[in-house]
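**Student:** Handing you a structure now.
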Amino acid sequence: MHITKEKLKEIVLDSGLVSDEDFVIAAEEARRSGQSISNVLIGRGKIPEDYFTELLSPYYGAPIVNLKKEAEAISPDVLELIPEVYAKSKNIVLFAYDKEQGRAKLAMLDPFDYDTIEYVRAKLDMWVDVYLTTLPSLRYGLKQYKKKVGINFDQIISENVEQSLAITGEADVAKSATAVPIVTILDNVIDHAASLNASDIHFEPLEKELLVRFRIDGIMQEIVSLPKAIDPILVARVKILAGMQIDEHRVPQDGRFHFDMEDGGAIDVRVNIMPVFSGEKVEMRILKGAARPLTLKDLGVSDEGVSILFNEIKKPHGMILVTGPTGHGKTTTLYAILQILNTPSVNITTIEDPVEYEFPRVNQTQVNIKSGVTFANGLRALLRQNPDIIMIGEIRDNETVEIAIHAALTGHLVLSSLHTNDAPSALPRLLDMGAPAFLLSSTVNLVIAQRLVRRICASCTESYPASPEIIRLIKAQMELSGHTTGAISSTLYRGRGCRVCGNSGFQGQIGIYEFFRITDAIRELILREATVGEVRKKAIEDGMTTMFQDGLDKVERGVTTIEEILRVVNE
């Protein structure tokens, strides 16, 4: 970005949201991590990204454009006037082009990048009006290039399937798995999944076909069916990339590989292969590194939740737990908390399975059963590393519970995750795993329960009156959640479906949360091993906002739909 550190400091300090101390800390963090100062300030929640862009607009003398609102009008023909690789390397999107008037409109992160502007002017042979945009807006605009990938995906797959069928008779499976058609099929499946922001890819062997499905915004979607004949070779290709045994078909295998996408980006892919009735099922989890750390606000945590969490992480010892089903963002929440705690004055160590994202200055260890590194013995070892803060990816057994509680009692702040339906249920779960009640009451500080729901597409949101049946369902769920009072909005929101969201009405995900503080009254209930119902009732009396309440708030603000909330709170 063509702006001096001094000018940037002047602009953000004049906003009143950033202090001189905040800027100094951000500058030092930027130097260590290799990020820009502005990304650090935004990532730490010191200044909202949209407002930061408004502050820069007068400096650059460029108007602001939101490419999410312009997406419907962006023609693929216009977009492709600038090559995708060049657009991504220079952080630009051409979003309008008028040949008759001889003018084009270009969205940029850095309107002072005159070399790029001159290149675009020369290439188009017309005047270019420059617009300033935010990073999320730019990414959204760049995703429009992937529309072409979606259109060509079936064609690419079908062409290479025909070629791959010709090599399925080869005896050497390893050799067949490195043949160009098989390589091309897998590469295009992964690239297509990444372009759709899928979190998982599933290869599911059926009797007569291989079904490929993606999980997008938490929902499984069928993508393509492949001939059964190429199933074993495609699985072998995945095994080669993930460093697995190609000739092992009877036991589950785990692995991981790095994948370079066509657009120049890169992702990590975590792989699990499981024997099933009709072959071997492949599950690939796509792990994308964020350009800047996600904040609690990005994740959907309310102001009240942020306040509660900040009060608890100030404590020098104790335990903070995040609970919820698999795939509902527990690790992402733990990483957001680590990002807040990650300062030069503390030593942070983690034991994870697997390490999903790398953190600067955080000592991360991955579980490796073959090498004898489990959560329990790994945790024992890292306690001798003189840590201040410990993050355990998941508490799975009695031994890990015992060591984690011991660490929390001896002056460490312990973060971890657990599988329970709600926050109060974490306490009896730990008791069942052998944690003594008197130790549990003195170590657990906070339990956060969460679910992920799909966001309503901002480009096609519409309101509608709540039907009597929906109101009845809301009231019934309120009673189940322990609510005694609460107004029900007569206006709800949904997405009509448009080109931007693929006619689904949704785009992206956001969390709903339950913050359960362990008060003195709750500690007394733990000591006498009260039921979950008693603990939950007392927590609500003490002011705990349930996940359903948090979800209703997001429904009333048009962030998600009531159907999404009712779907996930009962998981």
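If you're wondering about the labels, chains in the structure tokens are A, B, ... by order shown, residues count from 1 in each chain, ligands from 1 in order shown.
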Can you tell me which residues surround Leu415 of chain A at a distance of at most 6 Å, considering only C-alpha atoms, apart from same-chain residues fewer than 3 positions away, and format the answer as a list in words?

**Tutor:**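 Non-adjacent residues within range: Met319, Ile320, Leu321 and Met391 of chain A.
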
**Student:** With only C-alpha atoms as the counted atoms, please give the residues lying no more than 8 Å from Gly102 of chain A, apart from itself and same-chain residues fewer than 4 positions off, as a PyMOL selection string.

**Tutor:** chain A and resi 98+126-127

**Student:** Using N, CA, C and O atoms, can you export the residues from the last selection as a PDB file, in the first residue's frame?

**Tutor:**
```pdb
ATOM      1  N   ASP A  98     -17.238   0.536 -20.533  1.00  0.00           N
ATOM      2  CA  ASP A  98     -18.130   1.180 -21.508  1.00  0.00           C
ATOM      3  C   ASP A  98     -17.296   1.570 -22.725  1.00  0.00           C
ATOM      4  O   ASP A  98     -16.606   2.594 -22.715  1.00  0.00           O
ATOM      5  N   MET A 126      -8.276   2.896 -22.926  1.00  0.00           N
ATOM      6  CA  MET A 126      -9.316   3.844 -22.523  1.00  0.00           C
ATOM      7  C   MET A 126      -9.012   4.381 -21.122  1.00  0.00           C
ATOM      8  O   MET A 126      -8.122   3.894 -20.427  1.00  0.00           O
ATOM      9  N   TRP A 127      -9.764   5.421 -20.744  1.00  0.00           N
ATOM     10  CA  TRP A 127      -9.591   6.028 -19.429  1.00  0.00           C
ATOM     11  C   TRP A 127     -10.126   5.088 -18.351  1.00  0.00           C
ATOM     12  O   TRP A 127     -11.149   4.436 -18.516  1.00  0.00           O
TER      13      TRP A 127
END
```

**Student:** Can you tell me, as a PyMOL selection string, what residues are no more than 8 Å from Val128 of chain A when counting only C-alpha atoms, ignoring any on the same chain fewer than 6 positions away?

**Tutor:** chain A and resi 103-106+117+120-121

**Student:** Pull the alpha helix (DSSP H) assignments for segment 149-392 of chain A out of DSSP run on the backbone, and list those residues as JSON, numbers by chain.

**Tutor:** {"A": [149, 150, 151, 152, 153, 154, 155, 156, 157, 158, 159, 160, 161, 162, 163, 164, 165, 173, 174, 175, 176, 177, 180, 181, 182, 183, 184, 185, 186, 187, 188, 189, 190, 191, 192, 193, 194, 195, 231, 232, 233, 234, 235, 236, 237, 238, 239, 240, 241, 242, 296, 297, 298, 299, 303, 304, 305, 306, 307, 308, 309, 310, 311, 312, 313, 330, 331, 332, 333, 334, 335, 336, 337, 338, 339, 340, 341, 375, 376, 377, 378, 379, 380, 381, 382]}

**Student:** Taking only C-alpha atoms into account, name the residue in A:Thr178, A:Ile216, A:His192, A:Ser463 that is nearest to Ala236 of chain A.

**Tutor:** A:Thr178

**Student:** Neighbouring residues of segment 534-549 of chain A were defined as those with any atom within 6 Å, considering only C-alpha atoms; residues of the same chain fewer than 6 positions away were excluded. Please report them as a VMD selection string.

**Tutor:** chain A and resid 424 512 to 514

**Student:** Which of segment 494-555 of chain A end up as strand (DSSP E) when DSSP is run on this backbone - answer as a PyMOL selection string?

**Tutor:** chain A and resi 494-495+506-517

**Student:** Using only C-alpha atoms, which residues sit within 12 Å of Ala381 of chain A once same-chain residues fewer than 2 positions away are excluded, as a list in words?

**Tutor:**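 Residues near the query, excluding close chain neighbours: Thr349, Thr350, Ile351, Thr365, Gly372, Val373, Thr374, Phe375, Ala376, Asn377, Gly378, Leu379, Leu383, Arg384, Gln385, Asn386, Pro387, Ile390, Ile403 and Ala407 of chain A.
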
**Student:** If you count only C-alpha atoms, which residues fall within 10 Å of Val555 of chain A, apart from same-chain ones fewer than 4 positions away, as a PDB file with N, CA and C atoms, in the first residue's frame?

**Tutor:**
```pdb
ATOM      1  N   ARG A 455     -25.427 -17.648   6.784  1.00  0.00           N
ATOM      2  CA  ARG A 455     -25.810 -16.240   6.672  1.00  0.00           C
ATOM      3  C   ARG A 455     -26.760 -16.045   5.491  1.00  0.00           C
ATOM      4  N   ILE A 456     -27.717 -15.147   5.655  1.00  0.00           N
ATOM      5  CA  ILE A 456     -28.567 -14.768   4.529  1.00  0.00           C
ATOM      6  C   ILE A 456     -27.726 -13.970   3.532  1.00  0.00           C
ATOM      7  N   SER A 489     -40.423 -11.540  17.317  1.00  0.00           N
ATOM      8  CA  SER A 489     -40.579 -10.578  16.228  1.00  0.00           C
ATOM      9  C   SER A 489     -41.618 -11.079  15.227  1.00  0.00           C
ATOM     10  N   THR A 491     -41.673  -9.939  12.182  1.00  0.00           N
ATOM     11  CA  THR A 491     -41.034  -9.850  10.870  1.00  0.00           C
ATOM     12  C   THR A 491     -39.773 -10.699  10.849  1.00  0.00           C
ATOM     13  N   LEU A 492     -39.674 -11.573   9.863  1.00  0.00           N
ATOM     14  CA  LEU A 492     -38.509 -12.426   9.711  1.00  0.00           C
ATOM     15  C   LEU A 492     -37.838 -12.121   8.368  1.00  0.00           C
ATOM     16  N   TYR A 493     -36.653 -12.721   8.162  1.00  0.00           N
ATOM     17  CA  TYR A 493     -35.893 -12.446   6.940  1.00  0.00           C
ATOM     18  C   TYR A 493     -35.433 -13.758   6.292  1.00  0.00           C
ATOM     19  N   ARG A 494     -35.214 -13.684   4.977  1.00  0.00           N
ATOM     20  CA  ARG A 494     -34.716 -14.827   4.227  1.00  0.00           C
ATOM     21  C   ARG A 494     -34.050 -14.308   2.954  1.00  0.00           C
ATOM     22  N   GLN A 549     -31.325 -17.789  22.242  1.00  0.00           N
ATOM     23  CA  GLN A 549     -31.531 -16.344  22.368  1.00  0.00           C
ATOM     24  C   GLN A 549     -30.597 -15.573  21.438  1.00  0.00           C
ATOM     25  N   ASP A 550     -29.330 -15.988  21.420  1.00  0.00           N
ATOM     26  CA  ASP A 550     -28.362 -15.329  20.545  1.00  0.00           C
ATOM     27  C   ASP A 550     -28.773 -15.500  19.086  1.00  0.00           C
ATOM     28  N   GLY A 551     -29.274 -16.698  18.756  1.00  0.00           N
ATOM     29  CA  GLY A 551     -29.746 -16.943  17.401  1.00  0.00           C
ATOM     30  C   GLY A 551     -30.937 -16.077  17.036  1.00  0.00           C
ATOM     31  N   VAL A 559     -29.598 -11.434   9.943  1.00  0.00           N
ATOM     32  CA  VAL A 559     -28.321 -12.080   9.673  1.00  0.00           C
ATOM     33  C   VAL A 559     -28.530 -13.510   9.181  1.00  0.00           C
ATOM     34  N   THR A 560     -29.507 -14.209   9.777  1.00  0.00           N
ATOM     35  CA  THR A 560     -29.795 -15.587   9.392  1.00  0.00           C
ATOM     36  C   THR A 560     -31.299 -15.822   9.481  1.00  0.00           C
ATOM     37  N   THR A 561     -31.725 -17.037   9.177  1.00  0.00           N
ATOM     38  CA  THR A 561     -33.154 -17.348   9.178  1.00  0.00           C
ATOM     39  C   THR A 561     -33.533 -18.129  10.424  1.00  0.00           C
ATOM     40  N   ILE A 562     -34.807 -18.094  10.778  1.00  0.00           N
ATOM     41  CA  ILE A 562     -35.277 -18.843  11.942  1.00  0.00           C
ATOM     42  C   ILE A 562     -35.144 -20.344  11.690  1.00  0.00           C
ATOM     43  N   GLU A 563     -35.299 -20.775  10.433  1.00  0.00           N
ATOM     44  CA  GLU A 563     -35.152 -22.193  10.115  1.00  0.00           C
ATOM     45  C   GLU A 563     -33.733 -22.686  10.411  1.00  0.00           C
ATOM     46  N   GLU A 564     -32.737 -21.831  10.127  1.00  0.00           N
ATOM     47  CA  GLU A 564     -31.353 -22.200  10.421  1.00  0.00           C
ATOM     48  C   GLU A 564     -31.134 -22.378  11.914  1.00  0.00           C
ATOM     49  N   ILE A 565     -31.691 -21.463  12.708  1.00  0.00           N
ATOM     50  CA  ILE A 565     -31.516 -21.544  14.163  1.00  0.00           C
ATOM     51  C   ILE A 565     -32.173 -22.807  14.702  1.00  0.00           C
TER      52      ILE A 565
END
```

**Student:** Can you pull out every residue within 8 Å of Cys498 of chain A, counting only C-alpha atoms, but drop anything in the same chain fewer than 5 positions away, and send it as number ranges by chain?

**Tutor:** A: 459-460, 503-505

**Student:** With only C-alpha atoms as the atoms that count, which of A:Val532, A:Val183, A:Ala466, A:Arg472 lies nearest to Glu556 of chain A?

**Tutor:** A:Ala466

**Student:** Which distance in Å separates atom CA of Glu222 of chain A and atom CA of Glu462 of chain A, to one decimal?

**Tutor:** 27.4 Å

**Student:** Tell me, in Å to one decimal, how far atom CA of Ala437 of chain A is from atom CA of Glu529 of chain A.

**Tutor:**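 Interatomic distance here is 7.0 Å.
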
**Student:** Give the answer as one residue: which of A:Glu352, A:Cys501, A:Ile240, A:Phe277 has the shortest atom-to-atom distance to Glu207 of chain A, using only C-alpha atoms?

**Tutor:**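 Looking only at the distances to Glu207 of chain A, the closest residue turns out to be A:Phe277.
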